[in-house]
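**Q** My questions all concern the structure below.
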Number of protein chains: 2
Amino acid sequence: MIRLVLIGTGNVAKRLFCLWKRQDSVSVVQVIGRNRNRLSHFEGATAITSFAHMVEDADIYLLAVRDDAIRELSVQLSGTGKLIVHTSGTVALNNLSAKHRRGVFYPLQTFSNTRPHDLKNVPICIEATLTSDLKLLKQLGSSLSDCVQVVSSEKRKVLHLAAVFANNFTNHMYHISQELLDSEELPHELLQPLIEETANKLQEFNALDSQTGPARRGDEATWDQQMRLLKNPRHKDIYKLLSKSIRTTYVKKL
Amino acid sequence: MIRLVLIGTGNVAKRLFCLWKRQDSVSVVQVIGRNRNRLSHFEGATAITSFAHMVEDADIYLLAVRDDAIRELSVQLSGTGKLIVHTSGTVALNNLSAKHRRGVFYPLQTFSNTRPHDLKNVPICIEATLTSDLKLLKQLGSSLSDCVQVVSSEKRKVLHLAAVFANNFTNHMYHISQELLDSEELPHELLQPLIEETANKLQEFNALDSQTGPARRGDEATWDQQMRLLKNPRHKDIYKLLSKSIRTTYVKKL
C-alpha cells in the first residue's frame, strides 16, 4: 500500500482524495491545507492539519496546489530526501526543491465541478528523477487510470498548452454560444448533440479534415450577416479573428 | 408516405438520402444535381437527373445546396405552388421564390464526414408559411429525429451563429491543439478524454461555471510562459484575444 500525504484542498485534491478513499492500494494518511474551511471537507476521513503542523511519514507527498505555490511549499516541507510530487501541467520538475526527491503527477483532465466520474481513461503524465520513484508514481497512477504515461517537463508544457486550446478556449466558445442562445430565449440543449458530435468525431478524423462552416467555405455573405448579428464587440473580434484563421488554414492547403 | 425530390448532392443530401432509404415513411423519388460525378452516388437507388431535366411530382422539394444557390434554384423549379424547402441555417424563408409554397428544414448537425450515425437526437428546425405545410414538415422531421422544433427565420439565424461558435470555432481550437501535439510528437488521443469531458459537462453545468485554466485564474506567469511557447503568430493572436476575453468575462462577474 502506498502511504500518501496530500498537500492542498482544491478541486484536484478533493477529487483524488475521493477516488483513493474508495480503494485499498493507496492510503491518504494526511491532508494539509491553510484554508480551515476547505480543510474541514476532509475531516473525519483522514488526519488533517494546517501547514505549521507536523507532517506524517509517507511514501509520497503530493502537492495539489496553485502553480505559484509549488516551489515555496516544496522548500517548506521539513526534512530531506522525501519524494515530493506536484500535479501541475506547466511547472517543470526542477522547480521543486532539490533537497527532496522530485516528481510530477499530472492528470490531464478538468476538475472545475464535482462530477463523480473516475479517471479510468484519463492520461496521467508522470515524471521523476529516480527510476525507483518513477516506478512508484506509475503504481500510484495505475490505481486511478489505465493510461499512465511518462512525459518530460518540456513535452508536458506543450501538452498543457494544447489542453488550454482544447478545453479552456473551447469552453469559452461554448459560453459565447450559450449567451447567443439566451439572447433569443433558445434552450442550451439544442446545441448539445452538435457539440458532442464535434468532440466525438475526433476519434475518427483529424480536426483539420472535420472543419465545416462559412469560414471554411469562404462564404462571405454569411460572414457579413453574422458580423452584423453580433452585438458584443468582444464577440465580433473573436468571430473575425477565428474566421480569418480558419480561412488561412485552408487557403494555405489548397 | 411522403414523396420527396432531393435537390443537391453534397454531404447533407447524401446523409438524408441514406437515412430515408432505410425506412418506409419517406420515399425519395428523385435526386437532382448538376455534378454528374456526385450524382452517380445515388444511381440505381432512385431516379437521378441533372437540372435541365423534368422534375417528378412530389409532396416536398428539398433543396440541400449552397446558401447562395437557394434563391436561384427555387426560381428555376418549374410550375407554381409546390412545397419547396431549404436546409440552411442562415437563409430566411422568404428568400425562396414566392411562386411556390415555402418552408425550411434545418438539421442542426455537422455533416463533414460520412459518419453513419442517425439523427435521432439532433434538433431539426422547421418553418413554413402554411399550417398544413408545417404539419407535413413535422412529419418529415419525425421520420429522422425525436426533436423537431418550429423555429422562426430570425431565431434560426442566431442559432446558426451559436453553432458556428460551438462547432466551427471549437473544431478550429481542436485543430490548433492537434498541431501543438504534433510539434512534440504527442498522440492526439491524449486530449480525447479532456475534450469529451468538456463537452459532456454542459449537460449538467453552464459553460460559464465550468471555465478553468490560467486566464480564468488570472495566472500571468503561465500566460507569459505559454505565449513564449507558441511559435505561430496566428496562434499567439488567438491565445491573446481569447485569454483576454475569458479574463474580461470573469472580472466583470466579480
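Residues in the C-alpha cells are named by chain (A, B, ... in the order shown) and by number from 1 within that chain; ligands are numbered from 1 in the order shown.
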Skip Asp237 of chain A itself and residues of its chain fewer than 6 positions away, then list as a PDB file with N, CA, C and O atoms, in the first residue's frame all residues within 12 Å of it, counting only C-alpha atoms.
**A**
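As a result, around20.pdb now contains:
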ATOM      1  N   MET A 227     -21.573  38.884 -38.723  1.00  0.00           N
ATOM      2  CA  MET A 227     -20.899  40.013 -38.060  1.00  0.00           C
ATOM      3  C   MET A 227     -21.930  41.063 -37.643  1.00  0.00           C
ATOM      4  O   MET A 227     -21.816  41.680 -36.586  1.00  0.00           O
ATOM      5  N   LEU A 230     -23.919  39.962 -34.438  1.00  0.00           N
ATOM      6  CA  LEU A 230     -23.206  40.030 -33.160  1.00  0.00           C
ATOM      7  C   LEU A 230     -23.260  41.437 -32.599  1.00  0.00           C
ATOM      8  O   LEU A 230     -22.922  42.392 -33.293  1.00  0.00           O
ATOM      9  N   LYS A 231     -23.663  41.556 -31.340  1.00  0.00           N
ATOM     10  CA  LYS A 231     -23.773  42.888 -30.728  1.00  0.00           C
ATOM     11  C   LYS A 231     -22.538  43.203 -29.875  1.00  0.00           C
ATOM     12  O   LYS A 231     -22.082  44.330 -29.802  1.00  0.00           O
ATOM     13  N   SER A 243     -12.449  33.336 -37.818  1.00  0.00           N
ATOM     14  CA  SER A 243     -12.837  33.090 -39.218  1.00  0.00           C
ATOM     15  C   SER A 243     -11.626  33.272 -40.127  1.00  0.00           C
ATOM     16  O   SER A 243     -11.384  32.469 -41.036  1.00  0.00           O
ATOM     17  N   LYS A 244     -10.854  34.317 -39.848  1.00  0.00           N
ATOM     18  CA  LYS A 244      -9.657  34.597 -40.652  1.00  0.00           C
ATOM     19  C   LYS A 244      -8.648  33.450 -40.510  1.00  0.00           C
ATOM     20  O   LYS A 244      -8.035  33.020 -41.485  1.00  0.00           O
TER      21      LYS A 244
ATOM     22  N   ASP B 237      -1.963  35.340 -31.550  1.00  0.00           N
ATOM     23  CA  ASP B 237      -3.082  36.302 -31.580  1.00  0.00           C
ATOM     24  C   ASP B 237      -4.339  35.697 -30.957  1.00  0.00           C
ATOM     25  O   ASP B 237      -5.056  36.356 -30.205  1.00  0.00           O
ATOM     26  N   ILE B 238      -4.601  34.440 -31.303  1.00  0.00           N
ATOM     27  CA  ILE B 238      -5.793  33.765 -30.771  1.00  0.00           C
ATOM     28  C   ILE B 238      -5.662  33.567 -29.266  1.00  0.00           C
ATOM     29  O   ILE B 238      -6.595  33.833 -28.501  1.00  0.00           O
ATOM     30  N   LYS B 240      -3.968  35.301 -27.192  1.00  0.00           N
ATOM     31  CA  LYS B 240      -4.056  36.606 -26.523  1.00  0.00           C
ATOM     32  C   LYS B 240      -5.520  37.059 -26.436  1.00  0.00           C
ATOM     33  O   LYS B 240      -6.017  37.428 -25.375  1.00  0.00           O
ATOM     34  N   LEU B 241      -6.208  37.009 -27.575  1.00  0.00           N
ATOM     35  CA  LEU B 241      -7.586  37.521 -27.618  1.00  0.00           C
ATOM     36  C   LEU B 241      -8.532  36.685 -26.744  1.00  0.00           C
ATOM     37  O   LEU B 241      -9.351  37.237 -25.993  1.00  0.00           O
ATOM     38  N   LEU B 242      -8.399  35.366 -26.817  1.00  0.00           N
ATOM     39  CA  LEU B 242      -9.325  34.521 -26.050  1.00  0.00           C
ATOM     40  C   LEU B 242      -9.017  34.575 -24.552  1.00  0.00           C
ATOM     41  O   LEU B 242      -9.932  34.593 -23.723  1.00  0.00           O
ATOM     42  N   LYS B 244      -7.828  37.144 -23.021  1.00  0.00           N
ATOM     43  CA  LYS B 244      -8.344  38.444 -22.598  1.00  0.00           C
ATOM     44  C   LYS B 244      -9.865  38.393 -22.453  1.00  0.00           C
ATOM     45  O   LYS B 244     -10.431  38.935 -21.495  1.00  0.00           O
ATOM     46  N   SER B 245     -10.510  37.731 -23.398  1.00  0.00           N
ATOM     47  CA  SER B 245     -11.975  37.640 -23.355  1.00  0.00           C
ATOM     48  C   SER B 245     -12.440  36.840 -22.137  1.00  0.00           C
ATOM     49  O   SER B 245     -13.424  37.200 -21.476  1.00  0.00           O
TER      50      SER B 245
END
**Q** Compile the residues of chain B that lie within 7 Å of chain A, evaluated using only C-alpha atoms, and express the compilation as a VMD selection string.
**A** chain B and resid 108 to 110 112 to 113 121 to 123 155 158 to 159 161 to 175 177 180 to 181 184 190 to 191 193 to 196 198 to 200 207 to 208 210 to 213 226 234 242 245 to 246
**Q** Could those selected residues go to a file with N, CA and C atoms, as a compact mmCIF listing (two decimals), in the first residue's frame?
**A**
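New file result-v2.txt:
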# COMPACT_ATOMS: atom_id res chain seq x y z
N LEU B 108 -29.73 20.55 -37.20
CA LEU B 108 -28.63 21.23 -36.50
C LEU B 108 -27.52 20.24 -36.19
N GLN B 109 -26.74 19.92 -37.22
CA GLN B 109 -25.65 18.97 -37.06
C GLN B 109 -24.57 19.29 -38.09
N THR B 110 -23.36 18.74 -37.85
CA THR B 110 -22.27 18.91 -38.81
C THR B 110 -22.17 17.65 -39.67
N SER B 112 -19.69 16.89 -42.12
CA SER B 112 -18.46 16.93 -42.92
C SER B 112 -18.05 15.55 -43.42
N ASN B 113 -18.12 14.56 -42.57
CA ASN B 113 -17.63 13.25 -42.96
C ASN B 113 -18.77 12.25 -42.97
N ASN B 121 -31.29 12.24 -32.03
CA ASN B 121 -31.30 13.29 -31.01
C ASN B 121 -30.99 14.67 -31.57
N VAL B 122 -30.84 14.76 -32.88
CA VAL B 122 -30.45 16.03 -33.50
C VAL B 122 -31.69 16.91 -33.70
N PRO B 123 -31.64 18.16 -33.20
CA PRO B 123 -32.78 19.04 -33.44
C PRO B 123 -32.95 19.32 -34.93
N LYS B 155 -34.78 33.61 -35.36
CA LYS B 155 -34.15 32.82 -34.30
C LYS B 155 -33.16 31.80 -34.90
N VAL B 158 -29.70 33.20 -35.42
CA VAL B 158 -28.89 33.30 -34.20
C VAL B 158 -28.45 31.91 -33.75
N LEU B 159 -29.33 30.94 -33.90
CA LEU B 159 -29.00 29.55 -33.58
C LEU B 159 -27.82 29.08 -34.43
N LEU B 161 -25.57 30.97 -35.80
CA LEU B 161 -24.38 31.71 -35.35
C LEU B 161 -23.81 31.07 -34.08
N ALA B 162 -24.70 30.69 -33.16
CA ALA B 162 -24.25 30.00 -31.94
C ALA B 162 -23.57 28.69 -32.31
N ALA B 163 -24.07 28.03 -33.35
CA ALA B 163 -23.48 26.76 -33.80
C ALA B 163 -22.09 26.99 -34.42
N VAL B 164 -21.89 28.16 -35.04
CA VAL B 164 -20.57 28.49 -35.57
C VAL B 164 -19.55 28.55 -34.43
N PHE B 165 -19.93 29.17 -33.32
CA PHE B 165 -19.04 29.20 -32.17
C PHE B 165 -18.85 27.79 -31.58
N ALA B 166 -19.96 27.08 -31.42
CA ALA B 166 -19.92 25.78 -30.71
C ALA B 166 -19.31 24.67 -31.55
N ASN B 167 -19.39 24.80 -32.87
CA ASN B 167 -18.81 23.75 -33.71
C ASN B 167 -17.60 24.25 -34.52
N ASN B 168 -17.80 25.24 -35.39
CA ASN B 168 -16.70 25.65 -36.29
C ASN B 168 -15.49 26.14 -35.51
N PHE B 169 -15.73 27.04 -34.57
CA PHE B 169 -14.60 27.64 -33.84
C PHE B 169 -13.99 26.63 -32.86
N THR B 170 -14.86 25.85 -32.23
CA THR B 170 -14.37 24.80 -31.34
C THR B 170 -13.50 23.81 -32.11
N ASN B 171 -13.95 23.42 -33.30
CA ASN B 171 -13.16 22.48 -34.08
C ASN B 171 -11.81 23.09 -34.47
N HIS B 172 -11.81 24.39 -34.71
CA HIS B 172 -10.54 25.06 -35.02
C HIS B 172 -9.60 25.04 -33.80
N MET B 173 -10.18 25.18 -32.61
CA MET B 173 -9.37 25.06 -31.39
C MET B 173 -8.76 23.66 -31.30
N TYR B 174 -9.57 22.65 -31.62
CA TYR B 174 -9.05 21.27 -31.63
C TYR B 174 -7.90 21.15 -32.63
N HIS B 175 -8.08 21.77 -33.78
CA HIS B 175 -7.04 21.68 -34.81
C HIS B 175 -5.72 22.28 -34.31
N SER B 177 -4.78 22.63 -31.24
CA SER B 177 -4.22 21.78 -30.18
C SER B 177 -3.57 20.54 -30.80
N LEU B 180 -0.18 21.51 -32.04
CA LEU B 180 0.77 21.61 -30.93
C LEU B 180 1.25 20.22 -30.50
N LEU B 181 0.32 19.28 -30.41
CA LEU B 181 0.70 17.90 -30.05
C LEU B 181 1.68 17.34 -31.09
N GLU B 184 5.37 18.11 -30.83
CA GLU B 184 6.15 17.36 -29.82
C GLU B 184 5.97 15.85 -29.98
N LEU B 190 -4.28 11.63 -26.46
CA LEU B 190 -4.07 12.11 -25.09
C LEU B 190 -5.13 13.13 -24.67
N LEU B 191 -5.60 13.95 -25.61
CA LEU B 191 -6.55 15.00 -25.24
C LEU B 191 -8.02 14.57 -25.32
N PRO B 193 -10.04 12.36 -23.77
CA PRO B 193 -10.90 12.35 -22.57
C PRO B 193 -11.22 13.76 -22.06
N LEU B 194 -10.26 14.65 -22.14
CA LEU B 194 -10.48 16.04 -21.72
C LEU B 194 -11.51 16.72 -22.61
N ILE B 195 -11.37 16.51 -23.91
CA ILE B 195 -12.29 17.12 -24.88
C ILE B 195 -13.71 16.60 -24.67
N GLU B 196 -13.84 15.32 -24.47
CA GLU B 196 -15.18 14.74 -24.27
C GLU B 196 -15.80 15.19 -22.95
N THR B 198 -15.19 18.03 -21.43
CA THR B 198 -15.54 19.44 -21.62
C THR B 198 -16.91 19.56 -22.29
N ALA B 199 -17.15 18.71 -23.28
CA ALA B 199 -18.43 18.73 -23.99
C ALA B 199 -19.56 18.14 -23.14
N ASN B 200 -19.29 17.00 -22.51
CA ASN B 200 -20.35 16.31 -21.76
C ASN B 200 -20.79 17.09 -20.52
N ALA B 207 -21.53 26.60 -19.36
CA ALA B 207 -20.12 26.80 -19.69
C ALA B 207 -19.50 27.88 -18.79
N LEU B 208 -20.28 28.86 -18.46
CA LEU B 208 -19.79 29.95 -17.60
C LEU B 208 -19.23 29.42 -16.29
N SER B 210 -18.17 26.32 -15.77
CA SER B 210 -17.19 25.24 -15.95
C SER B 210 -15.80 25.75 -16.32
N GLN B 211 -15.67 27.04 -16.55
CA GLN B 211 -14.40 27.57 -17.05
C GLN B 211 -13.27 27.34 -16.04
N THR B 212 -12.15 26.81 -16.54
CA THR B 212 -10.94 26.69 -15.70
C THR B 212 -9.77 27.24 -16.51
N GLY B 213 -8.56 27.16 -15.96
CA GLY B 213 -7.36 27.50 -16.71
C GLY B 213 -6.73 28.81 -16.31
N GLN B 226 3.25 30.52 -21.83
CA GLN B 226 2.58 29.90 -22.97
C GLN B 226 2.70 30.78 -24.22
N ARG B 234 -0.31 33.52 -35.66
CA ARG B 234 -1.76 33.40 -35.64
C ARG B 234 -2.24 32.77 -34.33
N LEU B 242 -8.40 35.37 -26.82
CA LEU B 242 -9.33 34.52 -26.05
C LEU B 242 -9.02 34.58 -24.55
N SER B 245 -10.51 37.73 -23.40
CA SER B 245 -11.98 37.64 -23.36
C SER B 245 -12.44 36.84 -22.14
N ILE B 246 -11.75 35.76 -21.83
CA ILE B 246 -12.09 34.97 -20.63
C ILE B 246 -11.90 35.84 -19.39
**Q** Using DSSP assignments from the backbone, pull out every residue in segment 7-77 of chain A that falls under strand (DSSP E or B) and give it to me as a list of chain:residue names.
**A**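 Matching residues, listed in order: A:Ile7, A:Val26, A:Ser27, A:Val28, A:Val29, A:Gln30, A:Val31, A:Ile32, A:Glu43, A:Thr46, A:Ala47, A:Ile48, A:Thr49, A:Ile60, A:Tyr61, A:Leu62, A:Leu63.
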**Q** Between atom CA of Thr46 of chain A and atom CA of Lys135 of chain A, measure the distance and give it in Å to one decimal.
**A** 25.7 Å
**Q** With distances taken over only C-alpha atoms, which residue among A:Leu96, A:Ala47, A:Leu16, A:Leu6 lies nearest Leu144 of chain A?
**A**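 The closest residue to Leu144 of chain A is A:Leu16.
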**Q** Using only C-alpha atoms, determine which residues lie at most 6 Å from Arg102 of chain A, disregarding the query and same-chain residues fewer than 6 positions distant; provide the list as a PDB file with all heavy atoms, in the first residue's frame.
**A**
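This went into out.pdb:
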ATOM      1  N   LEU A  83       9.984  12.012  -1.231  1.00  0.00           N
ATOM      2  CA  LEU A  83       9.509  12.099  -2.620  1.00  0.00           C
ATOM      3  C   LEU A  83       8.359  13.102  -2.687  1.00  0.00           C
ATOM      4  O   LEU A  83       7.254  12.820  -2.235  1.00  0.00           O
ATOM      5  CB  LEU A  83       9.048  10.731  -3.145  1.00  0.00           C
ATOM      6  CG  LEU A  83       8.441  10.746  -4.565  1.00  0.00           C
ATOM      7  CD1 LEU A  83       9.378  11.378  -5.593  1.00  0.00           C
ATOM      8  CD2 LEU A  83       8.066   9.326  -4.999  1.00  0.00           C
ATOM      9  N   ILE A  84       8.664  14.289  -3.240  1.00  0.00           N
ATOM     10  CA  ILE A  84       7.653  15.341  -3.335  1.00  0.00           C
ATOM     11  C   ILE A  84       7.274  15.525  -4.801  1.00  0.00           C
ATOM     12  O   ILE A  84       8.132  15.620  -5.684  1.00  0.00           O
ATOM     13  CB  ILE A  84       8.122  16.642  -2.638  1.00  0.00           C
ATOM     14  CG1 ILE A  84       7.008  17.684  -2.677  1.00  0.00           C
ATOM     15  CG2 ILE A  84       9.410  17.177  -3.213  1.00  0.00           C
ATOM     16  CD1 ILE A  84       7.144  18.730  -1.605  1.00  0.00           C
ATOM     17  N   VAL A  85       5.980  15.550  -5.042  1.00  0.00           N
ATOM     18  CA  VAL A  85       5.444  15.436  -6.397  1.00  0.00           C
ATOM     19  C   VAL A  85       4.375  16.499  -6.596  1.00  0.00           C
ATOM     20  O   VAL A  85       3.509  16.666  -5.738  1.00  0.00           O
ATOM     21  CB  VAL A  85       4.807  14.025  -6.550  1.00  0.00           C
ATOM     22  CG1 VAL A  85       4.073  13.901  -7.863  1.00  0.00           C
ATOM     23  CG2 VAL A  85       5.874  12.948  -6.432  1.00  0.00           C
ATOM     24  N   ALA A 128       9.916  11.651 -13.020  1.00  0.00           N
ATOM     25  CA  ALA A 128      10.692  11.609 -11.774  1.00  0.00           C
ATOM     26  C   ALA A 128      12.165  11.523 -12.128  1.00  0.00           C
ATOM     27  O   ALA A 128      12.519  11.137 -13.245  1.00  0.00           O
ATOM     28  CB  ALA A 128      10.284  10.405 -10.923  1.00  0.00           C
TER      29      ALA A 128
END
**Q** Name the residues of segment 15-192 of chain A that fall into helix (DSSP H, G or I) according to DSSP on the backbone, using the chain letters and numbers of this document, as a PyMOL selection string.
**A** chain A and resi 15-21+36-42+67-76+93-95+131-142+153-183+188-192
**Q** Please produce a file of those selected residues containing C-alpha atoms, as a CSV table (one decimal), in the first residue's frame.
**A**
chain,number,residue,atom,x,y,z
A,15,ARG,CA,-11.2,14.5,-6.5
A,16,LEU,CA,-8.0,12.5,-5.9
A,17,PHE,CA,-8.8,12.0,-2.3
A,18,CYS,CA,-12.3,10.9,-3.0
A,19,LEU,CA,-11.1,8.3,-5.6
A,20,TRP,CA,-8.3,7.0,-3.3
A,21,LYS,CA,-10.7,6.6,-0.4
A,36,ARG,CA,-9.6,25.9,7.5
A,37,ASN,CA,-13.0,25.8,5.8
A,38,ARG,CA,-11.8,23.8,2.8
A,39,LEU,CA,-9.8,21.5,5.1
A,40,SER,CA,-12.9,20.6,7.0
A,41,HIS,CA,-14.1,18.8,3.8
A,42,PHE,CA,-11.6,16.0,4.6
A,67,ASP,CA,1.4,26.7,-9.7
A,68,ASP,CA,3.0,29.7,-8.0
A,69,ALA,CA,2.9,28.0,-4.5
A,70,ILE,CA,4.7,24.8,-5.6
A,71,ARG,CA,8.3,25.9,-5.2
A,72,GLU,CA,7.8,27.6,-1.8
A,73,LEU,CA,5.9,24.7,-0.4
A,74,SER,CA,8.5,22.2,-1.6
A,75,VAL,CA,11.1,24.2,0.3
A,76,GLN,CA,9.0,24.4,3.4
A,93,LEU,CA,10.2,19.1,-12.3
A,94,ASN,CA,13.2,21.1,-11.2
A,95,ASN,CA,11.1,23.8,-9.8
A,131,THR,CA,13.8,5.2,-11.7
A,132,SER,CA,12.5,3.7,-8.5
A,133,ASP,CA,10.4,6.9,-7.9
A,134,LEU,CA,9.1,6.7,-11.5
A,135,LYS,CA,8.0,3.1,-10.7
A,136,LEU,CA,6.2,4.2,-7.6
A,137,LEU,CA,4.4,7.0,-9.5
A,138,LYS,CA,3.4,4.5,-12.2
A,139,GLN,CA,1.9,2.4,-9.5
A,140,LEU,CA,0.1,5.4,-8.0
A,141,GLY,CA,-1.2,6.4,-11.4
A,142,SER,CA,-2.4,2.9,-12.2
A,153,SER,CA,8.7,18.6,-18.4
A,154,GLU,CA,9.3,20.1,-21.8
A,155,LYS,CA,6.6,18.0,-23.5
A,156,ARG,CA,4.2,18.4,-20.6
A,157,LYS,CA,4.3,22.2,-21.1
A,158,VAL,CA,3.2,21.9,-24.7
A,159,LEU,CA,0.6,19.3,-23.8
A,160,HIS,CA,-0.8,21.7,-21.2
A,161,LEU,CA,-0.8,24.5,-23.8
A,162,ALA,CA,-2.7,22.2,-26.2
A,163,ALA,CA,-5.2,21.5,-23.4
A,164,VAL,CA,-5.7,25.2,-23.0
A,165,PHE,CA,-6.9,25.4,-26.6
A,166,ALA,CA,-8.9,22.1,-26.4
A,167,ASN,CA,-10.6,22.8,-23.1
A,168,ASN,CA,-10.3,26.4,-21.8
A,169,PHE,CA,-10.8,28.1,-25.2
A,170,THR,CA,-13.4,25.6,-26.4
A,171,ASN,CA,-15.4,26.1,-23.2
A,172,HIS,CA,-15.3,29.8,-23.8
A,173,MET,CA,-16.7,29.2,-27.3
A,174,TYR,CA,-19.5,27.2,-25.6
A,175,HIS,CA,-20.1,30.1,-23.3
A,176,ILE,CA,-20.4,32.6,-26.1
A,177,SER,CA,-22.8,30.3,-27.9
A,178,GLN,CA,-24.9,29.9,-24.8
A,179,GLU,CA,-25.1,33.7,-24.5
A,180,LEU,CA,-26.3,33.9,-28.1
A,181,LEU,CA,-29.0,31.3,-27.4
A,182,ASP,CA,-30.0,33.2,-24.2
A,183,SER,CA,-30.5,36.3,-26.3
A,188,HIS,CA,-29.0,25.4,-24.4
A,189,GLU,CA,-29.9,21.7,-25.1
A,190,LEU,CA,-30.4,22.5,-28.8
A,191,LEU,CA,-26.7,22.6,-29.3
A,192,GLN,CA,-25.7,19.6,-27.2
